[in-house]
Amino acid sequence: MRDWFKSGSPWIWLTAGAVALSVLAVAGVLALTALRGLGHFWPKAVAETSYKEKDGQISRLIGEVREREEVSMRRLVEAGFKIEGNQPFVDRLLFKLGNRDVTGVDFRWFPEPLLGTIA
Amino acid sequence: MWQSSASNSDFEPKFSLSPLTYGTIKAATYAMLVVVPLAILGAIFTGYFMTPKMRTTVKPTIEIMAALPTVVLGFLAGLWLAPLVENNLAGVLLSLVLLPMCVLLAAYAWHLLPESLRGLVPEGWEAALLMPVIALSVWLIFQLGHPIEASFFGGDMPNWLSNQLGIKYEQRNSLVVGIAMGFAVTPTIFSIAEDAIFSVPKHLTSGSLALGATPWQTMMGVVLLTASPGIFSAVMIGLGRAVGETMIVLMATGNTAVMDFSLFSGFRTLSANIGVEMPEAGVGETHYRLLFLAALVLFAFTFVVNTTAEILRQRLREKYQTV
C-alpha cells in the first residue's frame with residue numbers, strides 16, 4: 001500500500017474521479033430536466049386509494065402518483081399530521097390530483113401511513 | 001459616532017452595502033471551495049492522463065455545462081436541490097467527505113486485481129471506470145444518510161443542528177448555492193486550465209519521464225509549474241464569474257442580508273440585490289442611486305480581482321518563460 005501511494009497513482013485516480021464526477025453532474029442535470037420536463041407528455045395510470053384527513057375523516061383519493069420520498073416524522077408531526085408509531089422516517093407520496101376546481105390544489109403530498117391500499 | 005443627519009428614516013432612509021458585499025464574498029468563497037478542486041483536478045486528468053479518444057468526448061461534455069442558462073441552474077437549485085439537501089443533509093455532508101475515499105478505495109481494489117484483468121482497460125480510461133463507482137457510492141452514502149440521522153441526530157439533522165448546536169439551518173443556504181454555482185463556474189475554470197495543461201510542450205514531459213520521474217511527479221514538478229499562469233488565470237476568471245453571478249444566488253438563497261459565514265445560512269449578494277430591488281426603486285431617489293452604487297462596488301470588486309490576477313499571471317509567466 002505504501003509503494004502504491006509512493007507511485008502517485010492514487011492521486012491520478014483522484015483526478016480521474018473529479019472528471020468522472022463532473023461528467024456525471026452534467027449528464028445528471030440534463031437527465032433531470034429532461035425527465036421532469038418530458039414526463040408531462042406521458043401521464044401514468046391513475047391510482048385510487050383512501051386518505052385519513054387531519055380531522056379523522058376518510059376521503060376517497062384518485063390521482064397520479066408523481067413522486068415518493070422519505071421525510072422525517074418530526075416534520076410531519078409538526079405540520080399537524082397524526083401518525084401512529086415512532087419510526088423516525090416515513091414515506092410520503094406526491095399525488096397529481098388535477099381538477100383544481102374541485103380539490104383546490106393540483107398536487108398534494110400524502111404521508112403513506114395515512115393512505116389506504118393503493119389500487 | 002457622529003451623524004450629520006437624524007438617525008431615524010424620516011429624513012432619509014439608511015442603507016448599508018456591507019451585508020451585500022459580505023454576501024457576495026461569501027457566495028464566491030463557497031462556490032470556489034466547490035469548484036477549484038473539482039475543476040483543476042479534472043483538468044489535470046483530462047489534459048495529461050486521459051486518452052485522446054476519451055478527451056474528445058469528455059471536454060465538450062463538461063463545456064456544455066457553461067451553456068446551461070444560470071436561470072435553469074438557479075431554478076433547479078432552489079426548487080429541487082434545496083429540499084433534497086434539507087431532506088438528506090447527513091447524506092450530502094457525508095458524500096463530501098466519503099466520496100474521495102470511495103474513489104481511492106476503488107483505485108486500490110483495482111491495483112490489487114490480477115494483471116490480466118487490469119490489462120482489459122488501458123491506462124487513460126480510469127475516469128470511465130470510476131463513473132459507475134461514483135454513482136454507486138453516492139447512492140450508497142445517501143442510503144446510509146437516513147439511518148445515521150435517525151440514530152445520531154434524532155431523525156432530523158437540520159433540526160438537530162439548530163436545537164443542539166445553535167446553528168440555524170435555512171433551507172436555501174450556502175451549501176446549496178456552492179453546489180449550484182459549481183455547475184456554472186466549473187466549465188469555465190476546467191476549460192481554460194485544461195487548455196493550459198494540454199499545451200505544455202511534450203519534450204518537457206518526455207524529458208522528465210525519461211529521467212525516471214513517475215507520471216505524477218512529472219505532473220507536479222513540470223506540467224503544473226509550466227501551466228501555472230494558465231491555471232491561475234482560469235481560477236481568476238472563474239472567480240470573476242462567481243462574483244458576478246446573479247440568477248443562481250437570487251433563486252437559491254433566501255436573499256436575507258445577514259452577515260454570518262455559516263454554511264447553513266443564506267445571504268444576499270450585490271448582484272442579486274440589484275436584480276431584486278430594481279423594479280422597486282423610483283427613478284432619481286436615494287434607493288435608485290444606491291443601486292448604481294451597488295453596481296459600482298461590484299465593478300470595483302471584479303476590477304481589483306482581475307487586475308491582481310493579471311499582474312500575478314504576468315509574473316508567473318516571466319518566471320516560467322525559460323522552461
# chains A, B, ... in the order shown; residues from 1 in each chain; ligands from 1

call {"tool": "select_by_dssp", "arguments": {"residues": "chain A", "states": "helix (DSSP H, G or I)", "output": "PyMOL selection string"}}
result
chain A and resi 2-6+9-41+73-78+100-103+112-114

call {"tool": "write_last_selection", "arguments": {"atoms": "N, CA and C atoms", "output": "short mmCIF file (atom, residue, chain, number, x, y, z; two decimals), in the first residue's frame"}}
result
data_model
loop_
_atom_site.label_atom_id
_atom_site.label_comp_id
_atom_site.auth_asym_id
_atom_site.auth_seq_id
_atom_site.Cartn_x
_atom_site.Cartn_y
_atom_site.Cartn_z
N ARG A 2 1.97 1.16 0.77
CA ARG A 2 2.86 2.31 0.84
C ARG A 2 3.49 2.60 -0.53
N ASP A 3 3.93 1.52 -1.19
CA ASP A 3 4.52 1.67 -2.52
C ASP A 3 3.51 2.26 -3.49
N TRP A 4 2.27 1.81 -3.29
CA TRP A 4 1.20 2.28 -4.18
C TRP A 4 1.02 3.79 -4.03
N PHE A 5 1.05 4.27 -2.78
CA PHE A 5 0.94 5.71 -2.55
C PHE A 5 2.14 6.44 -3.11
N LYS A 6 3.33 5.82 -2.97
CA LYS A 6 4.56 6.45 -3.45
C LYS A 6 4.55 6.59 -4.97
N SER A 9 0.00 6.90 -8.07
CA SER A 9 -1.20 6.52 -8.82
C SER A 9 -2.52 6.83 -8.06
N PRO A 10 -2.56 6.80 -6.69
CA PRO A 10 -3.84 7.19 -6.06
C PRO A 10 -4.27 8.60 -6.44
N TRP A 11 -3.29 9.51 -6.57
CA TRP A 11 -3.66 10.90 -6.88
C TRP A 11 -4.16 11.01 -8.31
N ILE A 12 -3.58 10.19 -9.18
CA ILE A 12 -4.07 10.19 -10.56
C ILE A 12 -5.52 9.72 -10.58
N TRP A 13 -5.79 8.67 -9.78
CA TRP A 13 -7.17 8.19 -9.71
C TRP A 13 -8.11 9.25 -9.15
N LEU A 14 -7.58 10.02 -8.19
CA LEU A 14 -8.41 11.07 -7.60
C LEU A 14 -8.78 12.11 -8.66
N THR A 15 -7.80 12.48 -9.50
CA THR A 15 -8.11 13.43 -10.56
C THR A 15 -9.10 12.82 -11.54
N ALA A 16 -8.94 11.52 -11.80
CA ALA A 16 -9.89 10.84 -12.68
C ALA A 16 -11.28 10.90 -12.07
N GLY A 17 -11.33 10.77 -10.73
CA GLY A 17 -12.62 10.86 -10.05
C GLY A 17 -13.27 12.21 -10.25
N ALA A 18 -12.46 13.29 -10.24
CA ALA A 18 -13.02 14.62 -10.44
C ALA A 18 -13.65 14.75 -11.82
N VAL A 19 -12.96 14.20 -12.83
CA VAL A 19 -13.53 14.25 -14.19
C VAL A 19 -14.83 13.45 -14.23
N ALA A 20 -14.77 12.24 -13.66
CA ALA A 20 -15.96 11.39 -13.70
C ALA A 20 -17.13 12.09 -13.02
N LEU A 21 -16.87 12.73 -11.89
CA LEU A 21 -17.93 13.42 -11.16
C LEU A 21 -18.51 14.57 -11.99
N SER A 22 -17.62 15.34 -12.64
CA SER A 22 -18.11 16.45 -13.46
C SER A 22 -18.99 15.95 -14.59
N VAL A 23 -18.53 14.89 -15.27
CA VAL A 23 -19.31 14.37 -16.39
C VAL A 23 -20.65 13.85 -15.90
N LEU A 24 -20.62 13.13 -14.76
CA LEU A 24 -21.87 12.62 -14.20
C LEU A 24 -22.81 13.77 -13.84
N ALA A 25 -22.23 14.87 -13.32
CA ALA A 25 -23.06 16.00 -12.91
C ALA A 25 -23.75 16.62 -14.12
N VAL A 26 -23.00 16.78 -15.22
CA VAL A 26 -23.62 17.35 -16.43
C VAL A 26 -24.73 16.42 -16.91
N ALA A 27 -24.39 15.14 -17.04
CA ALA A 27 -25.38 14.19 -17.52
C ALA A 27 -26.57 14.17 -16.58
N GLY A 28 -26.30 14.26 -15.29
CA GLY A 28 -27.37 14.22 -14.31
C GLY A 28 -28.32 15.40 -14.44
N VAL A 29 -27.77 16.60 -14.61
CA VAL A 29 -28.62 17.78 -14.73
C VAL A 29 -29.47 17.70 -15.99
N LEU A 30 -28.83 17.28 -17.10
CA LEU A 30 -29.58 17.18 -18.36
C LEU A 30 -30.68 16.12 -18.23
N ALA A 31 -30.32 14.97 -17.63
CA ALA A 31 -31.30 13.90 -17.47
C ALA A 31 -32.44 14.35 -16.57
N LEU A 32 -32.09 15.08 -15.51
CA LEU A 32 -33.11 15.53 -14.56
C LEU A 32 -34.11 16.46 -15.23
N THR A 33 -33.59 17.46 -15.96
CA THR A 33 -34.51 18.38 -16.62
C THR A 33 -35.34 17.65 -17.67
N ALA A 34 -34.67 16.73 -18.41
CA ALA A 34 -35.39 16.00 -19.45
C ALA A 34 -36.50 15.14 -18.85
N LEU A 35 -36.14 14.41 -17.78
CA LEU A 35 -37.13 13.51 -17.17
C LEU A 35 -38.31 14.28 -16.61
N ARG A 36 -37.98 15.36 -15.86
CA ARG A 36 -39.05 16.15 -15.24
C ARG A 36 -39.91 16.82 -16.30
N GLY A 37 -39.25 17.30 -17.36
CA GLY A 37 -39.99 18.04 -18.38
C GLY A 37 -40.81 17.14 -19.26
N LEU A 38 -40.17 16.03 -19.73
CA LEU A 38 -40.85 15.19 -20.70
C LEU A 38 -41.89 14.29 -20.06
N GLY A 39 -41.76 14.04 -18.74
CA GLY A 39 -42.72 13.21 -18.04
C GLY A 39 -44.13 13.72 -18.22
N HIS A 40 -44.22 15.01 -18.48
CA HIS A 40 -45.51 15.66 -18.69
C HIS A 40 -46.28 15.06 -19.86
N PHE A 41 -45.53 14.60 -20.88
CA PHE A 41 -46.20 14.11 -22.09
C PHE A 41 -46.63 12.65 -21.98
N MET A 73 -40.25 12.04 10.51
CA MET A 73 -41.53 12.01 11.20
C MET A 73 -41.79 13.34 11.89
N ARG A 74 -40.70 13.95 12.46
CA ARG A 74 -40.87 15.18 13.22
C ARG A 74 -41.51 16.28 12.37
N ARG A 75 -41.07 16.38 11.11
CA ARG A 75 -41.60 17.44 10.26
C ARG A 75 -43.10 17.24 10.03
N LEU A 76 -43.50 15.97 9.86
CA LEU A 76 -44.91 15.70 9.61
C LEU A 76 -45.73 15.97 10.85
N VAL A 77 -45.20 15.55 12.00
CA VAL A 77 -45.93 15.76 13.25
C VAL A 77 -46.08 17.27 13.51
N GLU A 78 -45.00 18.00 13.22
CA GLU A 78 -45.05 19.46 13.40
C GLU A 78 -46.09 20.08 12.49
N ARG A 100 -58.54 21.24 -10.22
CA ARG A 100 -58.33 22.26 -9.19
C ARG A 100 -59.66 22.88 -8.75
N ASP A 101 -60.64 22.89 -9.67
CA ASP A 101 -61.93 23.49 -9.31
C ASP A 101 -62.62 22.70 -8.21
N VAL A 102 -62.33 21.38 -8.13
CA VAL A 102 -62.98 20.55 -7.11
C VAL A 102 -62.11 20.45 -5.86
N THR A 103 -60.83 20.10 -6.05
CA THR A 103 -59.98 19.82 -4.89
C THR A 103 -59.24 21.04 -4.37
N GLU A 112 -47.58 8.27 3.68
CA GLU A 112 -48.06 6.95 3.32
C GLU A 112 -48.87 6.25 4.41
N PRO A 113 -48.49 6.36 5.71
CA PRO A 113 -49.26 5.66 6.74
C PRO A 113 -50.72 6.08 6.80
N LEU A 114 -51.04 7.25 6.28
CA LEU A 114 -52.43 7.71 6.36
C LEU A 114 -53.23 7.30 5.12
#

call {"tool": "residues_around", "arguments": {"residues": "Asp156 in chain B", "least_positions_apart": "5", "cutoff": "10 Å", "atoms": "only C-alpha atoms", "output": "ChimeraX atom specification"}}
result
/A:71-75,88-89 /B:86-90,146,148-151,161

call {"tool": "interface_residues", "arguments": {"of": "chain B", "to": "chain A", "cutoff": "8 Å", "atoms": "only C-alpha atoms", "output": "NGL selection string"}}
result
:B and (38-39 or 41-46 or 49 or 58 or 61-62 or 64-65 or 87 or 100 or 103-104 or 107-108 or 126-128 or 130-131 or 134-135 or 146 or 150 or 154-156 or 183 or 214-217)

call {"tool": "write_last_selection", "arguments": {"atoms": "C-alpha atoms", "output": "PDB file, in the first residue's frame"}}
result
ATOM      1  CA  LEU B  38     -13.132  19.761  -8.915  1.00  0.00           C
ATOM      2  CA  ALA B  39     -12.198  21.797 -11.980  1.00  0.00           C
ATOM      3  CA  LEU B  41      -8.175  18.072 -10.654  1.00  0.00           C
ATOM      4  CA  GLY B  42     -10.449  17.350 -13.596  1.00  0.00           C
ATOM      5  CA  ALA B  43      -8.314  19.490 -15.880  1.00  0.00           C
ATOM      6  CA  ILE B  44      -5.157  17.699 -14.718  1.00  0.00           C
ATOM      7  CA  PHE B  45      -6.552  14.318 -15.642  1.00  0.00           C
ATOM      8  CA  THR B  46      -8.160  15.397 -18.890  1.00  0.00           C
ATOM      9  CA  PHE B  49      -3.514  11.464 -18.344  1.00  0.00           C
ATOM     10  CA  VAL B  58     -15.287  14.447 -22.217  1.00  0.00           C
ATOM     11  CA  THR B  61     -19.445  17.381 -22.410  1.00  0.00           C
ATOM     12  CA  ILE B  62     -18.157  19.395 -19.472  1.00  0.00           C
ATOM     13  CA  ILE B  64     -21.818  22.073 -22.298  1.00  0.00           C
ATOM     14  CA  MET B  65     -22.384  22.970 -18.664  1.00  0.00           C
ATOM     15  CA  ASN B  87     -34.076  16.083   3.462  1.00  0.00           C
ATOM     16  CA  PRO B 100     -12.842  10.888  -2.408  1.00  0.00           C
ATOM     17  CA  VAL B 103     -12.552   6.693  -5.245  1.00  0.00           C
ATOM     18  CA  LEU B 104      -9.253   5.865  -3.528  1.00  0.00           C
ATOM     19  CA  ALA B 107      -8.410   2.571  -7.100  1.00  0.00           C
ATOM     20  CA  TYR B 108      -6.689   0.355  -4.533  1.00  0.00           C
ATOM     21  CA  GLU B 126      -9.653   5.466 -15.369  1.00  0.00           C
ATOM     22  CA  ALA B 127     -12.325   8.166 -15.427  1.00  0.00           C
ATOM     23  CA  ALA B 128     -14.688   5.933 -17.382  1.00  0.00           C
ATOM     24  CA  LEU B 130     -14.860   5.473 -11.994  1.00  0.00           C
ATOM     25  CA  MET B 131     -18.205   6.736 -13.271  1.00  0.00           C
ATOM     26  CA  ILE B 134     -19.053   7.245  -8.107  1.00  0.00           C
ATOM     27  CA  ALA B 135     -22.711   6.862  -9.000  1.00  0.00           C
ATOM     28  CA  HIS B 146     -31.226   8.474   6.868  1.00  0.00           C
ATOM     29  CA  ALA B 150     -32.190   8.525  12.814  1.00  0.00           C
ATOM     30  CA  GLY B 154     -32.957  12.485  16.356  1.00  0.00           C
ATOM     31  CA  GLY B 155     -34.159  11.680  12.858  1.00  0.00           C
ATOM     32  CA  ASP B 156     -33.712  15.196  11.547  1.00  0.00           C
ATOM     33  CA  PHE B 183     -22.202  23.922 -12.302  1.00  0.00           C
ATOM     34  CA  THR B 214       6.806   8.909 -12.156  1.00  0.00           C
ATOM     35  CA  PRO B 215       3.885  10.355 -14.159  1.00  0.00           C
ATOM     36  CA  TRP B 216       2.567  12.041 -11.019  1.00  0.00           C
ATOM     37  CA  GLN B 217       5.977  13.569 -10.207  1.00  0.00           C
TER      38      GLN B 217
END

call {"tool": "select_by_dssp", "arguments": {"residues": "chain A", "states": "strand (DSSP E or B)", "output": "VMD selection string"}}
result
chain A and resid 47 to 52 58 to 72 89 to 96 107 to 111 115

call {"tool": "residues_around", "arguments": {"residues": "range 74-81 of chain B", "least_positions_apart": "6", "cutoff": "6 Å", "atoms": "only C-alpha atoms", "output": "VMD selection string"}}
result
chain B and resid 180 247 to 248 251 to 252

call {"tool": "residues_around", "arguments": {"residues": "Ser50 in chain A", "least_positions_apart": "5", "cutoff": "9 Å", "atoms": "only C-alpha atoms", "output": "JSON, numbers by chain"}}
result
{"A": [58, 59, 60, 61, 62, 114, 115, 116, 117, 118]}

call {"tool": "write_last_selection", "arguments": {"atoms": "N, CA and C atoms", "output": "mmCIF file, in the first residue's frame"}}
result
data_model
loop_
_atom_site.group_PDB
_atom_site.id
_atom_site.type_symbol
_atom_site.label_atom_id
_atom_site.label_comp_id
_atom_site.auth_asym_id
_atom_site.auth_seq_id
_atom_site.Cartn_x
_atom_site.Cartn_y
_atom_site.Cartn_z
ATOM 1 N N ILE A 58 -62.310 9.999 6.509
ATOM 2 C CA ILE A 58 -61.681 9.237 5.433
ATOM 3 C C ILE A 58 -62.230 9.762 4.110
ATOM 4 N N SER A 59 -61.317 10.131 3.209
ATOM 5 C CA SER A 59 -61.812 10.601 1.917
ATOM 6 C C SER A 59 -61.247 9.743 0.801
ATOM 7 N N ARG A 60 -61.945 9.736 -0.316
ATOM 8 C CA ARG A 60 -61.507 8.941 -1.456
ATOM 9 C C ARG A 60 -60.535 9.781 -2.270
ATOM 10 N N LEU A 61 -59.533 9.103 -2.823
ATOM 11 C CA LEU A 61 -58.460 9.834 -3.480
ATOM 12 C C LEU A 61 -58.152 9.183 -4.812
ATOM 13 N N ILE A 62 -58.229 9.954 -5.878
ATOM 14 C CA ILE A 62 -57.855 9.425 -7.186
ATOM 15 C C ILE A 62 -56.850 10.377 -7.806
ATOM 16 N N LEU A 114 -51.041 7.247 6.282
ATOM 17 C CA LEU A 114 -52.425 7.713 6.356
ATOM 18 C C LEU A 114 -53.232 7.301 5.117
ATOM 19 N N LEU A 115 -52.543 6.638 4.168
ATOM 20 C CA LEU A 115 -53.255 6.227 2.965
ATOM 21 C C LEU A 115 -53.759 4.795 3.115
ATOM 22 N N GLY A 116 -54.821 4.486 2.406
ATOM 23 C CA GLY A 116 -55.301 3.106 2.378
ATOM 24 C C GLY A 116 -54.499 2.331 1.363
ATOM 25 N N THR A 117 -55.002 1.140 0.976
ATOM 26 C CA THR A 117 -54.291 0.386 -0.042
ATOM 27 C C THR A 117 -54.433 1.087 -1.383
ATOM 28 N N ILE A 118 -53.335 1.124 -2.117
ATOM 29 C CA ILE A 118 -53.341 1.840 -3.387
ATOM 30 C C ILE A 118 -53.651 0.860 -4.517
#

call {"tool": "atom_distance", "arguments": {"atom1": "CA of Ser191 in chain B", "atom2": "CA of Val133 in chain B"}}
result
24.5 Å

call {"tool": "residues_around", "arguments": {"residues": "Arg68 in chain A", "least_positions_apart": "5", "cutoff": "9 Å", "atoms": "only C-alpha atoms", "output": "list in words"}}
result
Asp91, Arg92, Leu93 and Leu94 of chain A

call {"tool": "atom_distance", "arguments": {"atom1": "CA of Val65 in chain A", "atom2": "CA of Ala47 in chain A"}}
result
6.9 Å

call {"tool": "closest_residue", "arguments": {"among": "B:Ala309, B:Val200, B:Leu144, B:Met236", "to": "Val222 in chain B", "atoms": "only C-alpha atoms"}}
result
B:Val200

call {"tool": "residues_around", "arguments": {"residues": "Val249 in chain B", "least_positions_apart": "5", "cutoff": "9 Å", "atoms": "only C-alpha atoms", "output": "PyMOL selection string"}}
result
chain B and resi 27+74+177+180-181+254-255+267-269+271-272

call {"tool": "residues_around", "arguments": {"residues": "range 194-197 of chain B", "least_positions_apart": "5", "cutoff": "10 Å", "atoms": "only C-alpha atoms", "output": "PyMOL selection string"}}
result
chain B and resi 39-48+59+188-189+219+223-234

call {"tool": "write_last_selection", "arguments": {"atoms": "C-alpha atoms", "output": "short mmCIF file (atom, residue, chain, number, x, y, z; two decimals), in the first residue's frame"}}
result
data_model
loop_
_atom_site.label_atom_id
_atom_site.label_comp_id
_atom_site.auth_asym_id
_atom_site.auth_seq_id
_atom_site.Cartn_x
_atom_site.Cartn_y
_atom_site.Cartn_z
CA ALA B 39 -12.20 21.80 -11.98
CA ILE B 40 -8.44 21.76 -11.54
CA LEU B 41 -8.17 18.07 -10.65
CA GLY B 42 -10.45 17.35 -13.60
CA ALA B 43 -8.31 19.49 -15.88
CA ILE B 44 -5.16 17.70 -14.72
CA PHE B 45 -6.55 14.32 -15.64
CA THR B 46 -8.16 15.40 -18.89
CA GLY B 47 -5.18 17.42 -20.07
CA TYR B 48 -2.42 14.99 -19.23
CA LYS B 59 -14.12 18.01 -22.82
CA THR B 188 -15.02 27.92 -17.25
CA ILE B 189 -12.12 27.00 -14.99
CA MET B 219 2.70 16.32 -13.30
CA VAL B 223 3.42 20.23 -16.04
CA LEU B 224 1.73 22.15 -13.24
CA LEU B 225 4.55 24.67 -13.00
CA THR B 226 4.65 25.33 -16.72
CA ALA B 227 0.87 25.59 -16.89
CA SER B 228 0.59 27.66 -13.71
CA PRO B 229 -0.08 31.04 -15.42
CA GLY B 230 -2.92 29.49 -17.39
CA ILE B 231 -4.38 27.69 -14.37
CA PHE B 232 -4.11 30.87 -12.35
CA SER B 233 -5.99 32.95 -14.88
CA ALA B 234 -8.58 30.17 -15.16
#
